[in-house]
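K.L.:
Sending over work06.csv (CSV, C-alpha atoms and all ligand atoms).
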chain,number,residue,atom,x,y,z
A,309,MET,CA,119.0,21.9,86.0
A,310,ARG,CA,122.1,24.0,85.4
A,311,ARG,CA,121.7,26.9,83.2
A,312,PHE,CA,124.3,28.0,80.6
A,313,ILE,CA,125.0,30.7,78.0
A,314,ILE,CA,127.5,29.5,75.4
A,315,ASP,CA,129.9,32.2,74.1
A,316,THR,CA,131.6,30.9,71.1
A,317,ASP,CA,133.5,31.4,67.8
A,318,PRO,CA,132.6,28.2,65.8
A,319,GLY,CA,135.0,26.8,64.8
A,320,ILE,CA,135.3,23.0,64.6
A,321,ASP,CA,136.3,22.4,68.2
A,322,ASP,CA,133.5,24.9,69.3
A,323,ALA,CA,131.1,22.8,67.3
A,324,PHE,CA,132.2,19.6,69.1
A,325,ALA,CA,131.6,21.4,72.5
A,326,ILE,CA,128.2,22.7,71.4
A,327,GLY,CA,127.3,19.3,70.2
A,328,LEU,CA,128.1,17.9,73.7
A,329,MET,CA,126.1,20.6,75.4
A,330,MET,CA,123.1,20.1,73.0
A,331,GLN,CA,123.0,16.4,74.1
A,332,SER,CA,123.4,17.0,77.8
A,333,ASP,CA,121.0,17.6,80.6
A,334,VAL,CA,121.6,21.4,80.9
A,335,GLU,CA,119.5,24.4,79.9
A,336,ILE,CA,121.1,26.4,77.2
A,337,LEU,CA,119.7,29.9,77.6
A,338,GLY,CA,121.3,31.2,74.4
A,339,ILE,CA,124.4,31.2,72.2
A,340,THR,CA,126.4,34.4,71.9
A,341,THR,CA,128.9,34.7,69.1
A,342,VAL,CA,132.3,36.4,69.0
A,343,SER,CA,134.8,37.1,66.3
A,344,GLY,CA,137.7,34.7,66.7
A,345,ASN,CA,138.4,31.6,64.6
A,346,ASN,CA,136.5,33.4,61.8
A,347,GLY,CA,134.8,36.8,61.4
A,348,ILE,CA,131.5,37.4,63.1
A,349,ASP,CA,129.3,36.7,60.1
A,350,SER,CA,130.8,33.2,59.7
A,351,VAL,CA,130.8,32.2,63.3
A,352,THR,CA,127.2,33.4,63.7
A,353,THR,CA,126.0,31.5,60.7
A,354,ASN,CA,127.8,28.4,62.1
A,355,ALA,CA,126.0,28.8,65.4
A,356,LEU,CA,122.6,29.0,63.5
A,357,ARG,CA,123.7,25.9,61.5
A,358,LEU,CA,124.3,23.9,64.8
A,359,VAL,CA,121.0,24.9,66.5
A,360,ASN,CA,119.2,23.9,63.2
A,361,PHE,CA,121.1,20.6,63.0
A,362,PHE,CA,120.2,19.6,66.5
A,363,ASN,CA,116.7,20.9,66.0
A,364,ARG,CA,116.7,23.2,69.0
A,365,PRO,CA,114.2,26.0,68.0
A,366,GLU,CA,114.1,27.3,71.6
A,367,ILE,CA,117.8,28.2,71.6
A,368,SER,CA,118.4,31.7,70.2
A,369,VAL,CA,121.7,33.0,68.7
A,370,TYR,CA,122.9,36.5,69.4
A,371,GLU,CA,125.6,38.2,67.4
A,372,GLY,CA,128.5,39.7,69.4
A,373,ALA,CA,131.7,41.6,69.0
A,374,ARG,CA,133.1,42.0,65.5
A,375,LYS,CA,136.5,42.8,66.8
A,376,PRO,CA,138.5,42.8,70.1
A,377,ILE,CA,138.2,45.6,72.6
A,378,LEU,CA,141.3,47.5,71.4
A,379,ARG,CA,143.0,45.6,68.7
A,380,GLU,CA,142.3,44.5,65.1
A,381,SER,CA,140.7,41.0,64.7
A,382,GLY,CA,143.0,38.0,64.6
A,383,THR,CA,141.6,35.0,62.8
A,384,SER,CA,142.8,31.4,62.8
A,385,ASP,CA,145.0,29.9,60.1
A,386,GLY,CA,142.2,28.2,58.1
A,387,CYS,CA,142.3,24.9,60.0
A,388,HIS,CA,138.5,25.1,60.4
A,389,GLY,CA,137.8,24.8,56.7
A,390,THR,CA,136.3,27.2,54.3
A,391,ASP,CA,132.9,27.4,56.1
A,392,GLY,CA,134.6,27.5,59.5
A,393,MET,CA,133.1,24.1,60.4
A,394,GLY,CA,135.1,21.5,58.4
A,395,ASN,CA,133.5,22.2,55.0
A,396,THR,CA,130.2,20.6,56.2
A,397,TYR,CA,128.2,23.6,55.0
A,398,LEU,CA,125.2,22.6,57.2
A,399,PRO,CA,121.9,24.2,56.3
A,400,VAL,CA,120.8,27.2,58.4
A,401,GLY,CA,117.1,26.2,57.8
A,402,ASN,CA,114.7,28.9,58.9
A,403,ARG,CA,117.0,30.0,61.8
A,404,ILE,CA,117.7,33.8,62.0
A,405,VAL,CA,120.0,35.7,64.4
A,406,GLU,CA,118.3,37.8,67.1
A,407,GLU,CA,118.1,41.5,66.7
A,408,LYS,CA,119.4,42.0,70.2
A,409,HIS,CA,123.2,42.3,70.6
A,410,ALA,CA,125.0,39.5,72.4
A,411,VAL,CA,126.3,41.9,75.1
A,412,ASP,CA,122.8,43.2,75.9
A,413,PHE,CA,121.5,39.6,76.0
A,414,LEU,CA,124.2,38.6,78.4
A,415,ILE,CA,123.5,41.6,80.7
A,416,GLU,CA,119.7,41.3,80.7
A,417,THR,CA,119.6,37.5,81.1
A,418,ILE,CA,122.2,37.5,84.0
A,419,ASP,CA,120.6,40.6,85.7
A,420,SER,CA,117.2,38.9,85.7
A,421,SER,CA,118.5,35.6,87.0
A,422,GLU,CA,118.7,34.3,90.6
A,423,GLY,CA,122.5,34.2,90.2
A,424,ASP,CA,122.6,30.6,88.9
A,425,ILE,CA,123.8,31.3,85.3
A,426,GLU,CA,127.1,29.8,84.1
A,427,ILE,CA,129.0,30.7,81.0
A,428,LEU,CA,130.9,28.3,78.7
A,429,ALA,CA,133.3,30.6,77.0
A,430,LEU,CA,135.0,29.0,73.9
A,431,GLY,CA,136.4,32.0,72.2
A,432,PRO,CA,138.0,35.4,72.9
A,433,LEU,CA,136.4,37.0,76.0
A,434,THR,CA,135.4,40.2,74.2
A,435,ASN,CA,131.7,39.9,74.8
A,436,LEU,CA,132.1,39.2,78.5
A,437,ALA,CA,134.5,42.1,79.0
A,438,LEU,CA,132.1,44.5,77.2
A,439,ALA,CA,129.2,43.3,79.3
A,440,ILE,CA,131.3,43.8,82.5
A,441,GLN,CA,132.3,47.3,81.4
A,442,LYS,CA,128.7,48.2,80.5
A,443,ALA,CA,126.9,46.8,83.5
A,444,PRO,CA,129.2,45.6,86.2
A,445,GLU,CA,126.5,45.3,88.9
A,446,ALA,CA,124.4,43.0,86.6
A,447,MET,CA,127.4,40.9,85.7
A,448,ARG,CA,128.3,40.4,89.3
A,449,LYS,CA,125.3,38.0,89.4
A,450,LEU,CA,127.1,35.6,87.1
A,451,LYS,CA,127.8,32.3,88.9
A,452,GLN,CA,131.0,31.1,87.1
A,453,ILE,CA,132.8,31.0,83.8
A,454,TYR,CA,134.3,27.9,82.1
A,455,SER,CA,136.9,29.4,79.7
A,456,MET,CA,139.0,27.6,77.1
A,457,GLY,CA,142.1,29.7,77.0
A,458,GLY,CA,145.6,30.4,78.0
A,459,GLY,CA,148.1,27.8,79.1
A,460,VAL,CA,151.1,27.4,81.4
A,461,ASN,CA,154.3,28.7,79.8
A,462,HIS,CA,153.0,27.7,76.4
A,463,GLY,CA,151.3,29.0,73.3
A,464,ASN,CA,149.8,28.0,70.0
A,465,ILE,CA,149.4,31.2,68.1
A,466,THR,CA,152.8,32.5,69.4
A,467,PRO,CA,155.3,30.6,71.5
A,468,PHE,CA,153.9,32.4,74.5
A,469,ALA,CA,150.1,32.8,74.0
A,470,GLU,CA,147.0,30.7,73.3
A,471,PHE,CA,144.8,32.0,70.5
A,472,ASN,CA,141.6,33.1,72.4
A,473,TYR,CA,143.6,35.1,74.9
A,474,TRP,CA,146.0,36.4,72.3
A,475,VAL,CA,143.2,37.8,70.1
A,476,ASP,CA,141.9,39.9,73.0
A,477,PRO,CA,144.3,40.1,75.9
A,478,GLU,CA,142.6,43.3,77.2
A,479,ALA,CA,139.3,41.5,77.4
A,480,THR,CA,140.9,38.6,79.2
A,481,GLN,CA,142.4,41.0,81.7
A,482,VAL,CA,139.0,42.7,82.3
A,483,VAL,CA,137.3,39.3,83.0
A,484,PHE,CA,140.1,38.1,85.2
A,485,ASP,CA,140.2,41.3,87.2
A,486,PHE,CA,136.4,41.3,87.7
A,487,GLY,CA,136.6,38.3,90.0
A,488,ILE,CA,133.8,36.0,88.9
A,489,PRO,CA,135.0,32.4,89.6
A,490,ILE,CA,136.8,31.1,86.4
A,491,ARG,CA,137.7,27.6,85.5
A,492,MET,CA,140.5,28.1,82.9
A,493,VAL,CA,141.1,25.1,80.7
A,494,GLY,CA,144.4,25.9,78.9
A,495,LEU,CA,146.7,24.3,76.4
A,496,ASN,CA,148.7,22.6,79.2
A,497,VAL,CA,145.7,20.2,79.5
A,498,THR,CA,144.0,20.4,76.1
A,499,GLU,CA,147.2,19.4,74.3
A,500,GLU,CA,147.4,16.2,76.3
A,501,CYS,CA,144.1,15.1,74.7
A,502,ILE,CA,144.9,14.1,71.1
A,503,ILE,CA,142.1,12.1,69.4
A,504,SER,CA,143.6,9.8,66.8
A,505,PRO,CA,142.5,9.1,63.3
A,506,ASP,CA,141.6,5.5,64.4
A,507,GLU,CA,139.4,7.0,67.1
A,508,PHE,CA,137.8,9.4,64.7
A,509,ALA,CA,137.3,6.4,62.3
A,510,LEU,CA,134.9,4.9,64.9
A,511,LEU,CA,132.5,7.8,64.1
A,512,SER,CA,132.4,6.8,60.4
A,513,ARG,CA,131.3,3.3,61.3
A,514,SER,CA,128.5,4.5,63.5
A,515,GLU,CA,124.8,4.5,62.5
A,516,ASN,CA,124.4,7.7,64.6
A,517,PRO,CA,123.9,10.8,62.3
A,518,VAL,CA,125.7,13.0,64.8
A,519,ALA,CA,128.8,10.8,64.6
A,520,ALA,CA,128.6,10.9,60.8
A,521,LEU,CA,128.5,14.7,60.8
A,522,TYR,CA,131.5,15.1,63.2
A,523,TYR,CA,133.5,12.5,61.3
A,524,GLN,CA,133.2,14.7,58.3
A,525,MET,CA,133.8,17.9,60.3
A,526,GLN,CA,137.1,16.9,61.9
A,527,LYS,CA,138.8,16.0,58.6
A,528,PRO,CA,140.5,19.3,57.8
A,529,TYR,CA,141.2,20.0,61.4
A,530,THR,CA,143.0,16.7,61.9
A,531,ALA,CA,144.9,17.1,58.6
A,532,HIS,CA,146.0,20.6,59.9
A,533,TYR,CA,147.3,19.2,63.2
A,534,MET,CA,149.0,16.2,61.6
A,535,ASN,CA,150.7,18.4,58.9
A,536,ARG,CA,151.6,21.4,61.1
A,537,ASP,CA,152.3,19.8,64.5
A,538,LYS,CA,153.3,16.3,63.3
A,539,ILE,CA,151.0,14.8,65.8
A,540,ASN,CA,148.8,11.7,65.3
A,541,GLY,CA,145.4,13.3,65.4
A,542,ALA,CA,143.7,16.5,66.5
A,543,ILE,CA,143.2,18.5,69.7
A,544,ILE,CA,139.6,19.4,70.4
A,545,HIS,CA,140.3,22.2,72.9
A,546,ASP,CA,136.8,23.4,73.4
A,547,LEU,CA,135.4,19.9,73.8
A,548,LEU,CA,137.7,19.2,76.8
A,549,THR,CA,136.5,22.5,78.3
A,550,ALA,CA,132.8,21.6,78.0
A,551,SER,CA,133.4,18.0,79.3
A,552,THR,CA,134.7,19.5,82.7
A,553,ILE,CA,131.2,20.8,83.3
A,554,PHE,CA,129.9,17.3,83.6
A,555,ASP,CA,132.7,15.4,85.3
A,556,ASP,CA,134.9,17.1,87.9
A,557,SER,CA,137.4,14.2,87.7
A,558,ILE,CA,138.4,14.7,84.0
A,559,VAL,CA,140.5,17.7,84.7
A,560,SER,CA,142.0,18.5,88.1
A,561,PHE,CA,142.0,22.2,89.0
A,562,GLU,CA,144.2,24.3,91.3
A,563,THR,CA,143.7,27.9,92.4
A,564,GLN,CA,146.6,29.9,91.0
A,565,ASP,CA,147.2,33.7,90.8
A,566,VAL,CA,147.3,34.3,87.0
A,567,ARG,CA,148.3,37.5,85.2
A,568,VAL,CA,147.5,38.1,81.6
A,569,GLU,CA,150.2,39.9,79.6
A,570,THR,CA,148.8,42.6,77.3
A,571,GLU,CA,152.0,44.1,75.9
A,572,GLY,CA,154.9,43.1,73.7
A,573,GLU,CA,155.8,39.7,72.2
A,574,LYS,CA,154.2,37.9,75.1
A,575,ARG,CA,150.8,39.5,74.5
A,576,GLY,CA,148.1,37.1,75.6
A,577,ALA,CA,150.4,34.9,77.7
A,578,THR,CA,148.9,33.7,81.1
A,579,LEU,CA,151.6,33.8,83.7
A,580,ILE,CA,151.3,32.2,87.2
A,581,GLU,CA,152.5,35.0,89.5
A,582,PRO,CA,151.6,34.4,93.2
A,583,GLY,CA,150.5,37.6,94.8
A,584,ASN,CA,150.6,39.5,91.5
A,585,GLY,CA,148.0,37.7,89.3
A,586,LYS,CA,144.2,37.2,89.9
A,587,PRO,CA,142.9,33.9,91.5
A,588,VAL,CA,141.8,31.5,88.8
A,589,SER,CA,140.9,27.8,89.0
A,590,LEU,CA,143.5,26.5,86.6
A,591,GLY,CA,143.3,23.1,84.9
A,592,MET,CA,146.6,21.4,85.9
A,593,SER,CA,146.2,17.7,84.8
A,594,VAL,CA,143.8,15.6,82.8
A,595,ASP,CA,142.6,12.0,82.8
A,596,VAL,CA,142.7,11.5,79.0
A,597,LYS,CA,141.1,8.0,79.0
A,598,LYS,CA,138.2,9.3,81.1
A,599,TYR,CA,137.8,12.3,78.9
A,600,LYS,CA,137.7,10.3,75.6
A,601,SER,CA,135.4,7.7,77.1
A,602,PHE,CA,133.0,10.4,78.4
A,603,VAL,CA,132.8,12.4,75.1
A,604,PHE,CA,132.6,9.4,72.8
A,605,GLU,CA,129.8,7.9,74.8
A,606,LYS,CA,127.9,11.1,75.5
A,607,MET,CA,128.2,12.6,72.0
A,608,PHE,CA,128.2,9.6,69.8
A,609,ARG,CA,126.9,6.7,71.9
A,610,ILE,CA,130.2,4.9,71.2
A,611,LYS,CA,131.8,2.9,74.0
A,612,LEU,CA,135.6,3.1,73.7
A,613,LYS,CA,137.6,-0.1,74.7
A,614,ALA,CA,138.7,0.1,78.4
A,701,LIG,O1,143.5,28.0,71.1
A,701,LIG,C1,142.4,27.2,70.8
A,701,LIG,C2,141.1,28.0,70.9
A,701,LIG,O2,141.1,29.1,69.9
A,701,LIG,C3,139.8,27.2,70.7
A,701,LIG,O3,138.8,27.7,71.4
A,701,LIG,C4,139.6,27.4,69.2
A,701,LIG,O4,138.3,27.2,68.8
A,701,LIG,C5,140.0,28.9,69.0
A,701,LIG,O5,138.9,29.7,69.4
A,702,CA,CA,136.8,28.4,70.1
Once more with this new file: its structure as C-alpha cells, please.
Ligand code: RIB
Ligand code: CA
P.N.:
Amino acid sequence: MRRFIIDTDPGIDDAFAIGLMMQSDVEILGITTVSGNNGIDSVTTNALRLVNFFNRPEISVYEGARKPILRESGTSDGCHGTDGMGNTYLPVGNRIVEEKHAVDFLIETIDSSEGDIEILALGPLTNLALAIQKAPEAMRKLKQIYSMGGGVNHGNITPFAEFNYWVDPEATQVVFDFGIPIRMVGLNVTEECIISPDEFALLSRSENPVAALYYQMQKPYTAHYMNRDKINGAIIHDLLTASTIFDDSIVSFETQDVRVETEGEKRGATLIEPGNGKPVSLGMSVDVKKYKSFVFEKMFRIKLKA
C-alpha cells in the first residue's frame, strides 16, 4: 500500500482532495498544515474537522508554518467561506493537534522510512522547504512529491503566479532545487476542469452523507468563481492533483526545466527555461471527462453519464 503525508491549507479544494484520499486505498501517515488559504489556526482546525468527519482516529494532525520562509503571510480572498471550508463548521469532536511540529514530524517519519513515502502537497511549500533546510539527508529519503502549484505562463493571484507558489516562492525554489521527483499540477491543467452547478447538484440528490457535506461545502467557492471569473462552476485545483495519484492517464506529464521567479512583479511565476530551470514532471494536458468520472465515483459513488 502506498504511504502518504498530506501537507495542506484547508481550504475547500484541499478538503475535496483530503476526502478523496480518506476514501482511497492508501496509508495516510499524517496530515501537516501550513498557512495559506487561511491562517495556521484555521487550517489546522479544518484538518481536525476532516479527520473527525471521516472517523479516522489513527490519522494525526501536525501544525506547521505560521508564515512563509521570508515573507509575510498571504491569505486567499475569502472564497473558502468564514470557516475556511464553505461555512460547514464541522465539529472537531475530541480531536486535538499533536504537540510535535509538522516539520519535525516530516523529518522523523521520512528518516525512519524505507524511502517509500510520498507527499501530497496542497498548499505553499513552506513546511517541506524548512524540513529540507533542517535535515537534508533525512529528506533525501522522500520518494516523490505531488504538488498543486504554479502554471504555464498563467496566474490566479497575480497575472503571473499561482497562489501556493506566490505565497512562498523561496520555499518553492528550495524544494525544486533539492531534486526530489516532483509532479507539478498547475493552473494550466486545473483550470481546464470546471465542475458545473448541475454536476454539483448531483451531490444534493445523493443519499451519501459525504456527497451532502461536499454539496454544502462547494457553495461559496462556486459562487466566488462564477462571480469573479464568470465561469459556469468551480475549479477544485487540489482534487485534480490528488486524482493523479490514482490514475496516471488523467493528467499527462512531461519533464520540463522549470524556474521559480522569486523577485519583482512576477514573484511566484513558474517559467519553463530549458537548461536554466530544475527538472520537474509538469502536468501538460488533462482528460476532463475521465477526471470527473473518477472523482464522482470514488468520492461520492455517483456514476456520471458517459
Ligand atoms: O491556486 C490554488 C491553490 O491555492 C489551491 O491549493 C488552493 O487551496 C490554494 O491553496
Ligand atoms: Ca490548497
K.L.:
Could you pull out the residues sitting within 7 Å of ligand LIG 701 (chain A), using all atoms listed in the file, and write them as a PDB file with C-alpha atoms, keeping the file's coordinate frame?
P.N.:
ATOM      1  CA  ASP A 317     133.500  31.400  67.800  1.00  0.00           C
ATOM      2  CA  PRO A 318     132.600  28.200  65.800  1.00  0.00           C
ATOM      3  CA  GLY A 319     135.000  26.800  64.800  1.00  0.00           C
ATOM      4  CA  ILE A 320     135.300  23.000  64.600  1.00  0.00           C
ATOM      5  CA  ASP A 321     136.300  22.400  68.200  1.00  0.00           C
ATOM      6  CA  ASP A 322     133.500  24.900  69.300  1.00  0.00           C
ATOM      7  CA  GLY A 344     137.700  34.700  66.700  1.00  0.00           C
ATOM      8  CA  ASN A 345     138.400  31.600  64.600  1.00  0.00           C
ATOM      9  CA  LEU A 430     135.000  29.000  73.900  1.00  0.00           C
ATOM     10  CA  GLY A 431     136.400  32.000  72.200  1.00  0.00           C
ATOM     11  CA  PRO A 432     138.000  35.400  72.900  1.00  0.00           C
ATOM     12  CA  MET A 456     139.000  27.600  77.100  1.00  0.00           C
ATOM     13  CA  GLY A 457     142.100  29.700  77.000  1.00  0.00           C
ATOM     14  CA  ASN A 464     149.800  28.000  70.000  1.00  0.00           C
ATOM     15  CA  GLU A 470     147.000  30.700  73.300  1.00  0.00           C
ATOM     16  CA  PHE A 471     144.800  32.000  70.500  1.00  0.00           C
ATOM     17  CA  ASN A 472     141.600  33.100  72.400  1.00  0.00           C
ATOM     18  CA  HIS A 545     140.300  22.200  72.900  1.00  0.00           C
ATOM     19  CA  ASP A 546     136.800  23.400  73.400  1.00  0.00           C
TER      20      ASP A 546
END
K.L.:
Show me, as a ChimeraX atom specification, the residues that have an atom within 6 Å of A:Ala469 when counting all atoms listed in the file, minus same-chain residues fewer than 5 positions from it.
P.N.:
/A:463,474,576-577
K.L.:
What gap, in Å, lies between atom CA of A:Pro528 and atom CA of A:Ala429?
P.N.:
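Interatomic distance, atom CA of A:Pro528 to atom CA of A:Ala429: 23.4 Å.
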K.L.:
In Å, rounded to a single decimal, give me how far atom CA of A:Phe362 is from atom CA of A:Met393.
P.N.:
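Separating atom CA of A:Met393 from atom CA of A:Phe362 is a distance of 15.0 Å.
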K.L.:
If I put a ball of radius 9 Å at (136.4, 36.6, 82.1) in the file's coordinates, which residues poke into it when counting all atoms listed in the file, written as a list in words?
P.N.:
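Collected hits near the coordinates: Ala429, Leu433, Thr434, Leu436, Ala437, Ile440, Ile453, Tyr454, Ser455, Ala479, Thr480, Gln481, Val482, Val483, Phe484, Asp485, Phe486, Gly487, Ile488, Pro489 and Ile490 of chain A.
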K.L.:
Based on the selection just made, write C-alpha atoms of those residues as a compact mmCIF listing (two decimals), keeping the file's coordinate frame.
P.N.:
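Final output, saved to out_20.txt:
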# COMPACT_ATOMS: atom_id res chain seq x y z
CA ALA A 429 133.30 30.60 77.00
CA LEU A 433 136.40 37.00 76.00
CA THR A 434 135.40 40.20 74.20
CA LEU A 436 132.10 39.20 78.50
CA ALA A 437 134.50 42.10 79.00
CA ILE A 440 131.30 43.80 82.50
CA ILE A 453 132.80 31.00 83.80
CA TYR A 454 134.30 27.90 82.10
CA SER A 455 136.90 29.40 79.70
CA ALA A 479 139.30 41.50 77.40
CA THR A 480 140.90 38.60 79.20
CA GLN A 481 142.40 41.00 81.70
CA VAL A 482 139.00 42.70 82.30
CA VAL A 483 137.30 39.30 83.00
CA PHE A 484 140.10 38.10 85.20
CA ASP A 485 140.20 41.30 87.20
CA PHE A 486 136.40 41.30 87.70
CA GLY A 487 136.60 38.30 90.00
CA ILE A 488 133.80 36.00 88.90
CA PRO A 489 135.00 32.40 89.60
CA ILE A 490 136.80 31.10 86.40
K.L.:
Using only C-alpha atoms, pick whichever of A:Pro444, A:Glu406, A:Glu573, A:Gly394 has the shortest atom-to-atom distance to A:Phe324.
P.N.:
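Answer, going by the shortest atom-to-atom distance: A:Gly394.
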K.L.:
A:Ala550, A:Met592, A:Ala614, A:Met525: which is nearest A:Phe312, counting only C-alpha atoms?
P.N.:
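Among A:Ala550, A:Met592, A:Ala614, A:Met525, it is A:Ala550 that comes nearest to A:Phe312.
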K.L.:
So, with all atoms listed in the file as the atoms that count, which of A:Val351, A:Ile544, A:Leu590, A:Met447 lies closest to A:Ile415?
P.N.:
A:Met447
K.L.:
May I ask which of the residues A:Thr578, A:Ser593, A:Ser368, A:Thr341 is the closest one to A:Cys501, counting only C-alpha atoms?
P.N.:
A:Ser593
K.L.:
Pick the closest to ligand CA 702 (chain A) from A:His388, A:Arg374, A:Lys527, A:Arg311: which is it, counting only C-alpha atoms and all ligand atoms?
P.N.:
A:His388
K.L.:
I need the residue nearest ligand CA 702 (chain A) from this list: A:Val493, A:Val369, A:Leu450, A:Val588. Use all atoms listed in the file for the distance.
P.N.:
A:Val493
K.L.:
If we count all atoms listed in the file and set the cut-off at 10 Å, which residues sit around A:Ala509, ignoring sequence neighbours fewer than 6 positions away in its own chain? Please answer as a list of chain:residue names.
P.N.:
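Here the answer would be A:Ala519, A:Ala520, A:Tyr523.
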K.L.:
Rounded to one decimal, what separation in Å do you get between atom CA of A:Ser381 and atom CA of A:Ile339?
P.N.:
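Value for the atom CA of A:Ser381-atom CA of A:Ile339 distance: 20.4 Å.
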K.L.:
Applying 8 Å and only C-alpha atoms, which residues near A:Gln564 remain after dropping the ones on its own chain fewer than 4 positions away? List them as a VMD selection string.
P.N.:
chain A and resid 580 to 582 586 to 590
K.L.:
Give me the residues near A:Gly338 as a ChimeraX atom specification, where near means some atom within 9 Å (using all atoms listed in the file) and where sequence neighbours in that chain fewer than 5 positions away do not count.
P.N.:
/A:312-315,366-370,413-414
K.L.:
Show me, as a PDB file with C-alpha atoms, in the coordinates of the input, the residues that have an atom within 8 Å of A:Leu612 when counting all atoms listed in the file, minus same-chain residues fewer than 3 positions from it.
P.N.:
ATOM      1  CA  LYS A 600     137.700  10.300  75.600  1.00  0.00           C
ATOM      2  CA  SER A 601     135.400   7.700  77.100  1.00  0.00           C
ATOM      3  CA  PHE A 604     132.600   9.400  72.800  1.00  0.00           C
ATOM      4  CA  GLU A 605     129.800   7.900  74.800  1.00  0.00           C
TER       5      GLU A 605
END
K.L.:
Kindly output stretch 367-373 of chain A as a short mmCIF file (atom, residue, chain, number, x, y, z; two decimals), in the frame of the given file, after building all heavy atoms.
P.N.:
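Writing done, so here's selection06.cif:
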data_model
loop_
_atom_site.label_atom_id
_atom_site.label_comp_id
_atom_site.auth_asym_id
_atom_site.auth_seq_id
_atom_site.Cartn_x
_atom_site.Cartn_y
_atom_site.Cartn_z
N ILE A 367 116.52 27.57 71.25
CA ILE A 367 117.80 28.20 71.60
C ILE A 367 118.08 29.33 70.56
O ILE A 367 118.18 29.10 69.36
CB ILE A 367 118.96 27.17 71.51
CG1 ILE A 367 118.73 26.08 72.56
CG2 ILE A 367 120.31 27.86 71.74
CD1 ILE A 367 119.77 24.97 72.54
N SER A 368 118.18 30.55 71.07
CA SER A 368 118.40 31.70 70.20
C SER A 368 119.91 32.02 70.10
O SER A 368 120.69 31.71 71.00
CB SER A 368 117.69 32.95 70.77
OG SER A 368 116.30 32.74 70.72
N VAL A 369 120.27 32.62 68.96
CA VAL A 369 121.70 33.00 68.70
C VAL A 369 121.73 34.52 68.62
O VAL A 369 120.92 35.17 67.96
CB VAL A 369 122.13 32.38 67.36
CG1 VAL A 369 123.53 32.91 66.98
CG2 VAL A 369 122.16 30.84 67.45
N TYR A 370 122.71 35.08 69.33
CA TYR A 370 122.90 36.50 69.40
C TYR A 370 124.28 36.89 68.91
O TYR A 370 125.28 36.35 69.40
CB TYR A 370 122.74 37.00 70.86
CG TYR A 370 121.39 36.69 71.47
CD1 TYR A 370 121.14 35.43 72.04
CD2 TYR A 370 120.36 37.62 71.46
CE1 TYR A 370 119.90 35.13 72.58
CE2 TYR A 370 119.11 37.32 72.00
CZ TYR A 370 118.89 36.07 72.55
OH TYR A 370 117.65 35.76 73.08
N GLU A 371 124.34 37.78 67.94
CA GLU A 371 125.60 38.20 67.40
C GLU A 371 126.36 39.12 68.31
O GLU A 371 125.75 40.08 68.81
CB GLU A 371 125.41 38.85 66.01
CG GLU A 371 126.69 39.27 65.31
CD GLU A 371 126.40 39.90 63.95
OE1 GLU A 371 125.86 39.19 63.08
OE2 GLU A 371 126.71 41.09 63.77
N GLY A 372 127.64 38.89 68.49
CA GLY A 372 128.50 39.70 69.40
C GLY A 372 129.53 40.50 68.72
O GLY A 372 129.37 40.93 67.57
N ALA A 373 130.64 40.65 69.42
CA ALA A 373 131.70 41.60 69.00
C ALA A 373 132.33 41.21 67.69
O ALA A 373 132.68 40.06 67.46
CB ALA A 373 132.75 41.66 70.10
#
